[in-house]
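Visitor: Hey, dropping run_35.cif in here, mmCIF, C-alpha atoms and all ligand atoms:
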```
data_work
loop_
_atom_site.label_atom_id
_atom_site.label_comp_id
_atom_site.auth_asym_id
_atom_site.auth_seq_id
_atom_site.Cartn_x
_atom_site.Cartn_y
_atom_site.Cartn_z
CA MET R 23 -22.50 30.46 -19.97
CA THR R 24 -21.74 26.87 -18.94
CA ASN R 25 -20.52 25.99 -15.49
CA GLU R 26 -17.23 24.98 -17.10
CA ASN R 27 -16.36 28.49 -18.30
CA LYS R 28 -17.57 30.09 -15.09
CA LYS R 29 -14.93 28.25 -13.07
CA MET R 30 -12.79 30.43 -10.80
CA LYS R 31 -9.17 30.87 -11.80
CA ALA R 32 -6.58 30.24 -9.05
CA THR R 33 -5.54 33.59 -7.63
CA LYS R 34 -2.19 32.46 -6.25
CA ALA R 35 0.30 29.68 -6.98
CA VAL R 36 0.05 26.88 -4.41
CA ALA R 37 2.95 24.87 -3.04
CA THR R 38 0.83 21.73 -2.80
CA GLY R 39 3.30 20.14 -0.38
CA LEU R 40 3.48 23.38 1.66
CA GLU R 41 7.24 23.32 1.11
CA GLY R 42 8.89 26.44 2.50
CA VAL R 43 5.76 27.42 4.47
CA ILE R 44 6.57 28.23 8.11
CA ALA R 45 3.66 27.00 10.22
CA ALA R 46 4.94 27.45 13.80
CA ASP R 47 7.77 28.56 16.05
CA THR R 48 9.38 25.57 17.75
CA ALA R 49 12.26 25.13 20.17
CA LEU R 50 12.06 21.33 19.91
CA SER R 51 14.11 20.45 16.85
CA ARG R 52 15.74 21.90 13.77
CA VAL R 53 16.40 20.08 10.53
CA ASP R 54 19.21 21.62 8.46
CA GLY R 55 18.71 20.00 5.09
CA THR R 56 21.72 21.64 3.46
CA ALA R 57 24.31 20.80 6.10
CA GLY R 58 22.71 17.46 7.03
CA ARG R 59 22.33 18.36 10.72
CA LEU R 60 19.57 17.66 13.20
CA ILE R 61 19.27 19.48 16.53
CA ILE R 62 16.88 17.95 19.09
CA ALA R 63 16.17 19.72 22.42
CA GLY R 64 19.21 21.94 21.85
CA LEU R 65 21.69 19.13 21.12
CA ASP R 66 23.30 17.89 17.90
CA LEU R 67 21.78 14.42 17.28
CA PRO R 68 25.00 12.37 17.75
CA ASP R 69 25.66 14.19 21.07
CA LEU R 70 22.09 13.61 22.24
CA VAL R 71 22.27 9.88 21.43
CA ALA R 72 25.65 9.59 23.19
CA SER R 73 24.51 11.41 26.33
CA SER R 74 20.87 10.53 26.84
CA SER R 75 18.62 7.52 27.25
CA PHE R 76 15.24 7.66 25.51
CA GLU R 77 13.62 8.57 28.84
CA GLY R 78 16.10 11.46 29.16
CA THR R 79 15.21 12.57 25.63
CA VAL R 80 11.51 12.53 26.47
CA ALA R 81 12.17 14.63 29.60
CA ALA R 82 14.40 17.05 27.63
CA LEU R 83 11.75 17.51 24.91
CA TRP R 84 9.00 18.14 27.48
CA ARG R 85 11.24 20.61 29.36
CA THR R 86 11.97 22.37 26.08
CA ALA R 87 8.21 22.59 25.52
CA GLY R 88 7.89 24.33 28.90
CA HIS R 89 6.80 21.40 31.10
CA VAL R 90 8.84 20.76 34.25
CA SER R 91 10.18 17.24 33.73
CA ASP R 92 12.85 15.56 35.81
CA ASP R 93 14.63 12.65 34.01
CA GLN R 94 14.07 10.18 36.85
CA GLU R 95 10.45 11.21 37.34
CA VAL R 96 9.80 10.69 33.65
CA ALA R 97 11.50 7.26 33.71
CA ASP R 98 9.45 6.22 36.79
CA GLY R 99 6.26 7.69 35.31
CA LEU R 100 6.75 5.80 32.04
CA GLY R 101 7.17 2.54 33.97
CA LEU R 102 3.83 3.13 35.72
CA ALA R 103 2.20 4.21 32.48
CA ARG R 104 3.30 0.97 30.76
CA VAL R 105 1.76 -1.06 33.58
CA ASP R 106 -1.45 0.98 33.32
CA ALA R 107 -1.55 0.52 29.53
CA PHE R 108 -1.37 -3.26 29.92
CA THR R 109 -4.88 -3.20 31.51
CA HIS R 110 -6.20 -2.20 28.04
CA VAL R 111 -4.49 -5.07 26.20
CA PRO R 112 -7.37 -7.62 26.45
CA ALA R 113 -9.83 -5.11 24.97
CA LEU R 114 -7.30 -4.13 22.31
CA LEU R 115 -6.63 -7.71 21.21
CA ALA R 116 -10.35 -8.50 21.20
CA ALA R 117 -10.98 -5.61 18.79
CA SER R 118 -8.01 -6.25 16.48
CA ALA R 119 -8.98 -9.36 14.49
CA GLY R 120 -7.91 -9.09 10.87
CA LEU R 121 -6.03 -5.80 11.37
CA THR R 122 -2.33 -5.16 10.90
CA VAL R 123 -0.28 -4.05 13.92
CA THR R 124 -0.34 -0.44 12.68
CA GLU R 125 -4.10 -0.48 12.04
CA ALA R 126 -4.77 -2.01 15.46
CA LEU R 127 -2.47 0.48 17.19
CA ARG R 128 -4.98 3.16 16.15
CA ILE R 129 -7.58 1.31 18.21
CA GLY R 130 -5.18 1.06 21.14
CA LEU R 131 -4.69 4.83 21.32
CA SER R 132 -8.45 5.34 21.03
CA LEU R 133 -8.92 3.31 24.22
CA LEU R 134 -7.10 5.98 26.26
CA ALA R 135 -9.37 8.47 28.03
CA ASP R 136 -8.63 12.18 27.83
CA GLU R 137 -8.92 12.55 31.62
CA HIS R 138 -6.96 10.22 33.92
CA PRO R 139 -4.82 10.51 37.10
CA ILE R 140 -1.68 9.77 35.00
CA PRO R 141 -1.03 12.74 32.66
CA ALA R 142 -1.86 12.02 29.00
CA PRO R 143 1.69 12.54 27.61
CA LEU R 144 3.07 9.89 30.00
CA ARG R 145 0.22 7.50 29.19
CA LEU R 146 0.73 7.95 25.45
CA VAL R 147 4.50 7.42 25.49
CA GLY R 148 4.05 4.55 27.97
CA ALA R 149 1.27 2.81 26.05
CA MET R 150 3.02 2.62 22.67
CA PRO R 151 5.54 -0.18 23.39
CA VAL R 152 2.99 -2.15 25.41
CA PHE R 153 0.39 -2.09 22.63
CA VAL R 154 2.87 -2.70 19.80
CA ALA R 155 4.53 -5.66 21.58
CA ALA R 156 1.16 -7.24 22.47
CA LEU R 157 -0.20 -6.78 18.92
CA ALA R 158 2.94 -8.14 17.25
CA ARG R 159 2.92 -11.22 19.54
CA HIS R 160 -0.81 -11.69 18.95
CA GLU R 161 -0.18 -11.71 15.20
CA GLN R 162 2.19 -14.63 15.76
CA GLY R 163 -0.26 -16.43 18.05
CA ALA R 164 1.66 -15.68 21.27
CA GLU R 165 0.27 -14.41 24.58
CA PRO R 166 1.16 -10.82 25.58
CA CYS R 167 4.03 -10.29 28.05
CA ALA R 168 3.37 -7.91 30.95
CA PRO R 169 5.55 -4.80 31.29
CA ASP R 170 8.11 -4.41 34.07
CA ALA R 171 7.99 -0.86 35.47
CA ALA R 172 11.57 -1.19 36.78
CA GLN R 173 13.09 -1.72 33.31
CA GLY R 174 14.11 0.93 30.84
CA HIS R 175 11.65 1.72 28.05
CA ALA R 176 13.76 0.14 25.28
CA GLU R 177 14.64 -2.93 27.33
CA ASP R 178 11.02 -3.47 28.36
CA TYR R 179 9.82 -3.15 24.76
CA LEU R 180 12.24 -5.78 23.47
CA ARG R 181 11.43 -8.12 26.37
CA MET R 182 7.65 -7.71 25.93
CA LEU R 183 8.03 -8.28 22.19
CA HIS R 184 10.30 -11.33 22.25
CA GLY R 185 9.35 -12.83 25.59
CA SER R 186 13.01 -13.02 26.67
CA GLU R 187 15.66 -10.70 28.13
CA PRO R 188 17.41 -8.72 25.35
CA THR R 189 21.21 -8.42 25.18
CA PRO R 190 22.80 -5.13 26.33
CA ASP R 191 23.83 -4.39 22.71
CA ALA R 192 20.23 -4.83 21.55
CA VAL R 193 18.95 -2.54 24.32
CA HIS R 194 21.56 0.08 23.42
CA ALA R 195 20.59 -0.02 19.73
CA MET R 196 16.85 0.12 20.48
CA ASP R 197 17.31 3.03 22.87
CA ALA R 198 19.50 4.93 20.36
CA TYR R 199 16.87 4.31 17.68
CA PHE R 200 14.06 5.71 19.83
CA THR R 201 16.05 8.87 20.57
CA THR R 202 17.00 9.22 16.89
CA ALA R 203 13.34 8.95 15.86
CA SER R 204 12.06 11.20 18.67
CA ASP R 205 11.60 14.44 16.74
CA HIS R 206 12.22 15.91 13.30
CA GLY R 207 10.92 19.42 12.76
CA MET R 208 7.59 19.99 11.06
CA ASN R 209 7.25 16.58 9.39
CA ALA R 210 3.81 15.44 8.18
CA SER R 211 2.81 13.55 11.36
CA THR R 212 4.01 16.30 13.69
CA PHE R 213 2.18 18.94 11.67
CA THR R 214 -0.95 16.78 11.76
CA ALA R 215 -0.69 16.40 15.54
CA ARG R 216 -0.25 20.18 15.88
CA VAL R 217 -3.27 20.93 13.70
CA VAL R 218 -5.44 18.73 15.90
CA ALA R 219 -3.88 20.19 19.07
CA SER R 220 -4.69 23.69 17.80
CA THR R 221 -8.40 22.88 18.05
CA ALA R 222 -7.89 22.11 21.79
CA ALA R 223 -8.85 18.46 21.12
CA GLY R 224 -6.20 17.28 23.59
CA GLN R 225 -3.14 15.02 23.58
CA VAL R 226 -4.82 11.67 22.84
CA SER R 227 -6.66 12.84 19.71
CA SER R 228 -3.61 14.76 18.49
CA ILE R 229 -1.28 11.78 18.85
CA LEU R 230 -3.78 9.42 17.22
CA ALA R 231 -3.94 11.78 14.25
CA GLY R 232 -0.14 11.92 14.13
CA LEU R 233 0.03 8.13 14.03
CA CYS R 234 -2.42 8.03 11.11
CA ALA R 235 -0.19 10.43 9.15
CA LEU R 236 2.95 8.44 10.00
CA LYS R 237 1.44 5.25 8.56
CA GLY R 238 1.90 6.19 4.87
CA PRO R 239 4.86 4.82 2.89
CA LEU R 240 6.00 8.34 1.98
CA HIS R 241 6.57 9.00 5.69
CA GLY R 242 6.99 6.30 8.39
CA GLY R 243 5.80 3.37 6.33
CA ALA R 244 8.99 3.03 4.25
CA PRO R 245 11.20 0.61 6.25
CA GLY R 246 9.14 -2.53 5.53
CA PRO R 247 9.23 -1.75 1.78
CA VAL R 248 13.03 -1.20 2.05
CA LEU R 249 13.39 -4.85 3.07
CA ASP R 250 10.89 -5.93 0.41
CA MET R 251 13.13 -4.15 -2.11
CA LEU R 252 16.26 -5.96 -0.81
CA ASP R 253 14.39 -9.29 -1.00
CA GLU R 254 13.20 -8.62 -4.54
CA ILE R 255 16.67 -7.64 -5.73
CA GLY R 256 17.94 -10.87 -4.20
CA THR R 257 21.46 -11.22 -5.63
CA PRO R 258 24.44 -8.86 -6.10
CA GLU R 259 24.29 -9.28 -9.92
CA ASN R 260 20.69 -8.11 -9.94
CA ILE R 261 21.31 -4.90 -7.95
CA GLU R 262 22.09 -2.46 -10.73
CA PRO R 263 19.59 -3.73 -13.36
CA TRP R 264 16.81 -3.89 -10.75
CA LEU R 265 17.42 -0.36 -9.44
CA ARG R 266 17.85 1.10 -12.91
CA ASN R 267 14.63 -0.49 -14.13
CA ALA R 268 12.72 0.70 -11.03
CA VAL R 269 13.77 4.35 -11.43
CA GLN R 270 13.28 4.28 -15.22
CA THR R 271 9.74 2.98 -14.81
CA GLY R 272 8.91 5.78 -12.34
CA GLU R 273 9.17 3.84 -9.09
CA ARG R 274 10.59 5.46 -5.96
CA LEU R 275 13.42 3.69 -4.23
CA MET R 276 12.36 3.27 -0.62
CA GLY R 277 14.84 4.67 1.90
CA PHE R 278 16.12 7.39 -0.48
CA GLY R 279 15.20 11.03 -0.92
CA HIS R 280 13.77 13.52 1.54
CA ARG R 281 11.71 16.68 1.37
CA ILE R 282 14.25 18.67 3.42
CA TYR R 283 17.64 16.92 3.20
CA ARG R 284 19.64 17.54 0.05
CA VAL R 285 22.54 15.57 1.56
CA ARG R 286 22.73 12.41 3.64
CA ASP R 287 20.18 12.24 6.47
CA PRO R 288 22.27 12.51 9.70
CA ARG R 289 20.03 9.90 11.32
CA ALA R 290 21.25 7.36 8.77
CA ASP R 291 24.80 7.70 10.15
CA VAL R 292 23.72 7.36 13.79
CA LEU R 293 21.70 4.24 13.01
CA GLY R 294 24.41 2.91 10.66
CA ALA R 295 26.85 2.90 13.62
CA GLU R 296 24.33 0.95 15.73
CA VAL R 297 23.72 -1.53 12.91
CA ALA R 298 27.48 -2.13 12.62
CA GLN R 299 27.60 -3.04 16.35
CA LEU R 300 24.77 -5.51 15.93
CA SER R 301 25.60 -7.16 12.64
CA GLY R 302 26.24 -10.69 14.15
CA ASN R 303 24.08 -13.17 12.22
CA HIS R 304 23.05 -10.44 9.80
CA ARG R 305 26.54 -9.67 8.50
CA GLN R 306 25.87 -10.94 4.98
CA ARG R 307 22.52 -9.20 4.73
CA ILE R 308 24.03 -5.88 5.86
CA ALA R 309 26.93 -6.14 3.41
CA PHE R 310 24.39 -6.74 0.62
CA ALA R 311 22.28 -3.77 1.79
CA LEU R 312 25.33 -1.49 1.75
CA GLN R 313 26.04 -2.56 -1.84
CA VAL R 314 22.42 -1.73 -2.73
CA GLU R 315 22.77 1.67 -1.03
CA GLU R 316 25.91 2.63 -2.95
CA THR R 317 24.46 1.50 -6.29
CA ALA R 318 21.12 3.23 -5.60
CA LYS R 319 22.87 6.54 -4.92
CA ALA R 320 24.86 6.23 -8.16
CA VAL R 321 21.77 5.27 -10.21
CA LEU R 322 19.74 8.14 -8.72
CA LYS R 323 22.56 10.60 -9.44
CA GLU R 324 22.65 9.47 -13.06
CA LEU R 325 18.90 9.22 -13.71
CA LYS R 326 17.68 12.13 -11.53
CA PRO R 327 20.54 14.61 -11.97
CA HIS R 328 18.26 17.60 -11.21
CA ARG R 329 17.43 16.38 -7.69
CA PRO R 330 20.06 15.41 -5.07
CA LEU R 331 18.78 12.12 -3.61
CA ASP R 332 20.63 10.44 -0.75
CA THR R 333 19.95 7.79 1.88
CA ASN R 334 17.27 8.66 4.44
CA VAL R 335 16.62 7.39 7.98
CA GLU R 336 14.30 4.63 6.81
CA PHE R 337 17.00 2.66 4.99
CA TYR R 338 19.00 2.15 8.17
CA THR R 339 15.86 1.85 10.28
CA ALA R 340 14.99 -1.21 8.20
CA LEU R 341 18.42 -2.78 8.73
CA LEU R 342 18.47 -1.99 12.44
CA LEU R 343 14.97 -3.29 13.16
CA GLU R 344 15.62 -6.44 11.14
CA ALA R 345 18.86 -7.04 13.06
CA LEU R 346 16.84 -6.66 16.29
CA ASP R 347 14.42 -9.35 15.03
CA ILE R 348 11.49 -6.98 15.04
CA PRO R 349 8.77 -8.29 12.70
CA ARG R 350 8.20 -6.14 9.60
CA SER R 351 4.59 -5.57 10.56
CA ALA R 352 5.85 -3.74 13.68
CA PHE R 353 8.36 -1.46 11.90
CA THR R 354 6.17 1.62 11.52
CA PRO R 355 4.65 1.23 15.02
CA THR R 356 8.19 0.91 16.42
CA PHE R 357 9.01 4.23 14.76
CA ALA R 358 5.93 5.64 16.52
CA ILE R 359 7.26 4.46 19.93
CA GLY R 360 10.14 6.90 19.44
CA ARG R 361 8.30 9.67 17.59
CA VAL R 362 5.53 9.95 20.19
CA ALA R 363 8.10 11.76 22.37
CA GLY R 364 8.24 14.60 19.85
CA TRP R 365 4.52 14.54 19.07
CA THR R 366 3.58 15.01 22.74
CA ALA R 367 6.09 17.86 23.11
CA HIS R 368 4.79 19.56 19.95
CA VAL R 369 1.23 19.29 21.26
CA MET R 370 2.37 21.01 24.48
CA GLU R 371 4.00 23.78 22.43
CA GLN R 372 0.95 24.16 20.20
CA GLU R 373 -1.41 24.30 23.17
CA GLN R 374 0.68 27.14 24.60
CA ALA R 375 0.52 28.98 21.28
CA GLY R 376 -3.26 28.71 21.67
CA ARG R 377 -4.11 29.64 18.11
CA LEU R 378 -6.37 27.59 15.83
CA ILE R 379 -4.53 26.49 12.66
CA ARG R 380 -6.84 27.33 9.80
CA PRO R 381 -5.22 28.05 6.43
CA SER R 382 -6.98 29.13 3.24
CA ALA R 383 -7.38 27.63 -0.23
CA ASN R 384 -7.72 29.03 -3.74
CA TYR R 385 -11.29 28.32 -4.88
CA VAL R 386 -11.06 26.89 -8.41
CA GLY R 387 -14.63 25.51 -8.58
CA VAL R 388 -17.81 26.62 -10.28
CA VAL R 389 -19.35 30.03 -9.51
CA PRO R 390 -23.18 30.11 -9.58
CA ASP R 391 -24.52 32.28 -12.45
CA HIS R 392 -26.05 34.96 -10.21
CA LEU R 393 -22.78 35.53 -8.28
CA GLU R 394 -19.74 37.53 -9.27
CA MET R 395 -16.55 36.70 -7.41
CA ALA R 396 -13.32 38.71 -7.35
N1 LIG F 401 13.42 7.28 -5.79
C1 LIG F 401 13.40 7.71 -7.07
N2 LIG F 401 13.11 9.00 -7.39
C2 LIG F 401 12.84 9.83 -6.39
C3 LIG F 401 12.84 9.45 -5.05
C4 LIG F 401 13.16 8.10 -4.76
N3 LIG F 401 13.20 7.65 -3.52
N4 LIG F 401 12.53 10.51 -4.27
C5 LIG F 401 12.32 11.54 -5.11
N5 LIG F 401 12.52 11.14 -6.39
C6 LIG F 401 12.42 11.94 -7.59
C7 LIG F 401 10.98 12.12 -8.06
O1 LIG F 401 10.57 11.06 -8.87
C8 LIG F 401 11.09 13.45 -8.79
O2 LIG F 401 11.66 13.21 -10.03
P1 LIG F 401 11.12 14.02 -11.35
O3 LIG F 401 11.41 15.47 -11.05
O4 LIG F 401 11.93 13.46 -12.45
O5 LIG F 401 9.64 13.73 -11.45
C9 LIG F 401 12.12 14.23 -7.97
O6 LIG F 401 12.91 13.26 -7.30
C10 LIG F 401 11.50 15.16 -6.94
O7 LIG F 401 10.50 14.44 -6.23
P2 LIG F 401 9.46 15.10 -5.23
O8 LIG F 401 8.22 14.25 -5.28
O9 LIG F 401 9.31 16.56 -5.47
O10 LIG F 401 10.20 14.94 -3.86
P3 LIG F 401 9.54 15.09 -2.42
O11 LIG F 401 10.27 16.12 -1.67
O12 LIG F 401 8.06 15.26 -2.50
O13 LIG F 401 9.82 13.62 -1.88
C11 LIG F 401 9.89 11.79 -0.44
C12 LIG F 401 10.21 13.28 -0.60
C13 LIG F 401 8.36 11.61 -0.42
C14 LIG F 401 10.47 11.30 0.89
C15 LIG F 401 10.51 11.02 -1.63
O14 LIG F 401 11.89 11.22 -1.68
C16 LIG F 401 10.18 9.52 -1.59
O15 LIG F 401 9.11 9.11 -2.04
N6 LIG F 401 11.12 8.68 -1.07
C17 LIG F 401 10.86 7.24 -0.95
C18 LIG F 401 10.02 6.93 0.29
C19 LIG F 401 10.81 7.10 1.58
O16 LIG F 401 11.97 6.69 1.70
N7 LIG F 401 10.14 7.70 2.57
C20 LIG F 401 10.72 7.97 3.91
C21 LIG F 401 11.12 9.41 4.05
S1 LIG F 401 11.93 9.71 5.61
C22 LIG F 401 10.63 9.91 6.71
O17 LIG F 401 9.61 10.42 6.42
C23 LIG F 401 10.82 9.42 8.08
#
```
When written as structure tokens, how does the structure in this file appear?
Ligand code: ACO

Guide:
Amino acid sequence: MTNENKKMKATKAVATGLEGVIAADTALSRVDGTAGRLIIAGLDLPDLVASSSFEGTVAALWRTAGHVSDDQEVADGLGLARVDAFTHVPALLAASAGLTVTEALRIGLSLLADEHPIPAPLRLVGAMPVFVAALARHEQGAEPCAPDAAQGHAEDYLRMLHGSEPTPDAVHAMDAYFTTASDHGMNASTFTARVVASTAAGQVSSILAGLCALKGPLHGGAPGPVLDMLDEIGTPENIEPWLRNAVQTGERLMGFGHRIYRVRDPRADVLGAEVAQLSGNHRQRIAFALQVEETAKAVLKELKPHRPLDTNVEFYTALLLEALDIPRSAFTPTFAIGRVAGWTAHVMEQEQAGRLIRPSANYVGVVPDHLEMA
């Protein structure tokens, strides 16, 4: 008997994307893909964005995960954590030659020790904007700007990134974006962070793993490609032929479709409202993008009738971050500045669950001749 015909047959069907598999209990967020609703820390997303700063969202998520967290203490702690993170910037920049901002951010998180007088969740949330701003400026040949512990997280990020005071509208939009991105059920990066947390590896390793999962274009890496798509389409006359050709040749339209949502992603509406407030110099670009969105939905409906495909968060993330003059190379890391709030809270929850995540697999490989396997 050859090895080939002694291969094991799969014993069970596998959902290779683990769709429908429940991997944890969580009180942090709920994604309702049929109704197009997102609850974070017990609040409907639009209500959370209207009532809470990003610092308040961080505190609410940590409280929900069972950690006593006062809003003001979290805001003060994040200010101190940003200042502490800045001490790592020279080493980070020295190690980042030839790397993209996202690639170098992985190094930045690796510089954080597990043990430190400032608790790891604060250091992780605090370090993100400091590292991203310094790396994005470095890419453009500019010196890093030091954080200001007295400023809000969103304001300080924009100031460190651009080297000038942001407008109140820009701060509002950035803050709303961070809250909108803060948590989203058992997405790929959150699951990754929880798997690592389940081994008791600690917050820093778990969040670094989450960042690595976020990097891919099927998850947090889509907003840059959304703008690339708008650039490639170029003119209103080219919209429909370009989109049609892309879908017919098997390409995925970036910023559309979602594993859970079968209707419009509610985050798209929240960010769409912020984009409308900001449009200013970008009015023409945004009008063009909205035309692309409408045509893309129609083309997808016609060419993929079996799968409802609507706009996801990344389409409006791209427009918002572009309107805030954030460089494309910093789009995915900017998403991480918001999402680290949820990752740290999920790690807290997972650590309390205290159970190693260790699933099984169907063995479909070769069985040695002398063995019989059921
Ligand atoms: N454009 C064109 N077709 C699509 C798209 C898309 N954006 N998304 C799904 N489809 C099609 C697939 O080609 C497939 O068609 P087929 O049955 O004819 O082969 C069908 O819809 C089902 O696709 P799946 O791969 O089963 O869908 P899945 O749930 O795995 O996809 C995903 C979810 C990865 C987000 C997908 O919609 C996609 O690639 N979108 C583009 C990338 C993107 O915007 N990512 C950001 C997501 S939001 C976030 O993570 C923060």

Visitor: Using all atoms listed in the file for the distances, tell me which of R:Ala72, R:Ala119, R:Met182, R:Ile229 is nearest to Asp197 (chain R).

Guide: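 Counting all atoms listed in the file, the residue closest to Asp197 (chain R) is R:Ala72.
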
Visitor: Looking at R:Pro355, R:Gly120, R:Gly364, R:Gly163, which one is nearest to Ile62 (chain R), with distances taken over only C-alpha atoms?

Guide: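 Distance minimum relative to Ile62 (chain R) lands on R:Gly364.
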
Visitor: May I have the centre and edge lengths, in Å to one decimal, of an axis-aligned box around the listed atoms of region 68-72 of chain R with 5 Å added to every side, as lines of an AutoDock Vina configuration file?

Guide:
```
center_x = 23.9
center_y = 11.9
center_z = 20.5
size_x = 13.6
size_y = 14.6
size_z = 15.4
```

Visitor: Quick one: residues within 12 Å of Leu65 (chain R), all atoms listed in the file counted, chain neighbours fewer than 4 positions away excluded, as an mmCIF file with C-alpha atoms, keeping the file's coordinate frame?

Guide:
```cif
data_model
loop_
_atom_site.group_PDB
_atom_site.id
_atom_site.type_symbol
_atom_site.label_atom_id
_atom_site.label_comp_id
_atom_site.auth_asym_id
_atom_site.auth_seq_id
_atom_site.Cartn_x
_atom_site.Cartn_y
_atom_site.Cartn_z
ATOM 1 C CA ALA R 49 12.260 25.130 20.170
ATOM 2 C CA LEU R 50 12.060 21.330 19.910
ATOM 3 C CA SER R 51 14.110 20.450 16.850
ATOM 4 C CA ARG R 52 15.740 21.900 13.770
ATOM 5 C CA VAL R 53 16.400 20.080 10.530
ATOM 6 C CA ARG R 59 22.330 18.360 10.720
ATOM 7 C CA LEU R 60 19.570 17.660 13.200
ATOM 8 C CA ILE R 61 19.270 19.480 16.530
ATOM 9 C CA ASP R 69 25.660 14.190 21.070
ATOM 10 C CA LEU R 70 22.090 13.610 22.240
ATOM 11 C CA VAL R 71 22.270 9.880 21.430
ATOM 12 C CA ALA R 72 25.650 9.590 23.190
ATOM 13 C CA SER R 73 24.510 11.410 26.330
ATOM 14 C CA SER R 74 20.870 10.530 26.840
ATOM 15 C CA THR R 79 15.210 12.570 25.630
ATOM 16 C CA ALA R 82 14.400 17.050 27.630
ATOM 17 C CA LEU R 83 11.750 17.510 24.910
ATOM 18 C CA THR R 86 11.970 22.370 26.080
ATOM 19 C CA THR R 201 16.050 8.870 20.570
ATOM 20 C CA THR R 202 17.000 9.220 16.890
ATOM 21 C CA ASP R 205 11.600 14.440 16.740
#
```

Visitor: Rounded to one decimal, what separation in Å do you get between CA of Glu315 (chain R) and atom O9 of ligand LIG 401 (chain F)?

Guide: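 Separating CA of Glu315 (chain R) from atom O9 of ligand LIG 401 (chain F) is a distance of 20.6 Å.
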
Visitor: Enumerate residues in contact with ligand LIG 401 (chain F): an atom-to-atom distance of at most 9 Å, counting only C-alpha atoms and all ligand atoms. Format the result as JSON, numbers by chain.

Guide: {"R": [39, 41, 203, 206, 209, 210, 211, 236, 238, 239, 240, 241, 242, 243, 244, 245, 247, 248, 268, 269, 270, 272, 273, 274, 275, 276, 277, 278, 279, 280, 281, 282, 283, 287, 318, 322, 325, 326, 327, 328, 329, 330, 331, 332, 333, 334, 335, 336, 337, 357]}

Visitor: For Val292 (chain R), work out the shell of residues within 7 Å, counting all atoms listed in the file and skipping chain neighbours fewer than 4 positions away, then give it as a VMD selection string.

Guide: chain R and resid 68 288 296

Visitor: Work out how far CA of Ala195 (chain R) is from CA of Thr257 (chain R), in Å to one decimal.

Guide: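 If I compute the distance from CA of Thr257 (chain R) to CA of Ala195 (chain R), I get 27.7 Å.
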
Visitor: Model the absent atoms of region 161-173 of chain R so that N, CA and C atoms are present, and write the result as a CSV table (one decimal), in the frame of the given file.

Guide:
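Wrote selection.csv, looks like this:
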```csv
chain,number,residue,atom,x,y,z
R,161,GLU,N,-0.2,-11.4,16.6
R,161,GLU,CA,-0.2,-11.7,15.2
R,161,GLU,C,0.5,-13.1,15.0
R,162,GLN,N,1.5,-13.4,15.9
R,162,GLN,CA,2.2,-14.6,15.8
R,162,GLN,C,1.6,-15.7,16.7
R,163,GLY,N,0.4,-15.4,17.2
R,163,GLY,CA,-0.3,-16.4,18.0
R,163,GLY,C,0.3,-16.6,19.4
R,164,ALA,N,1.1,-15.6,19.9
R,164,ALA,CA,1.7,-15.7,21.3
R,164,ALA,C,0.9,-14.8,22.3
R,165,GLU,N,0.9,-15.2,23.5
R,165,GLU,CA,0.3,-14.4,24.6
R,165,GLU,C,1.1,-13.1,24.8
R,166,PRO,N,0.4,-12.0,25.3
R,166,PRO,CA,1.2,-10.8,25.6
R,166,PRO,C,2.0,-11.0,26.8
R,167,CYS,N,3.2,-10.3,26.9
R,167,CYS,CA,4.0,-10.3,28.0
R,167,CYS,C,3.8,-9.0,28.8
R,168,ALA,N,3.6,-9.1,30.1
R,168,ALA,CA,3.4,-7.9,31.0
R,168,ALA,C,4.6,-7.0,31.0
R,169,PRO,N,4.4,-5.7,31.1
R,169,PRO,CA,5.6,-4.8,31.3
R,169,PRO,C,6.2,-4.9,32.7
R,170,ASP,N,7.4,-4.5,32.8
R,170,ASP,CA,8.1,-4.4,34.1
R,170,ASP,C,8.5,-2.9,34.3
R,171,ALA,N,7.8,-2.3,35.3
R,171,ALA,CA,8.0,-0.9,35.5
R,171,ALA,C,9.4,-0.5,35.8
R,172,ALA,N,10.2,-1.5,36.3
R,172,ALA,CA,11.6,-1.2,36.8
R,172,ALA,C,12.5,-1.2,35.6
R,173,GLN,N,12.2,-1.7,34.4
R,173,GLN,CA,13.1,-1.7,33.3
R,173,GLN,C,13.0,-0.4,32.5
```
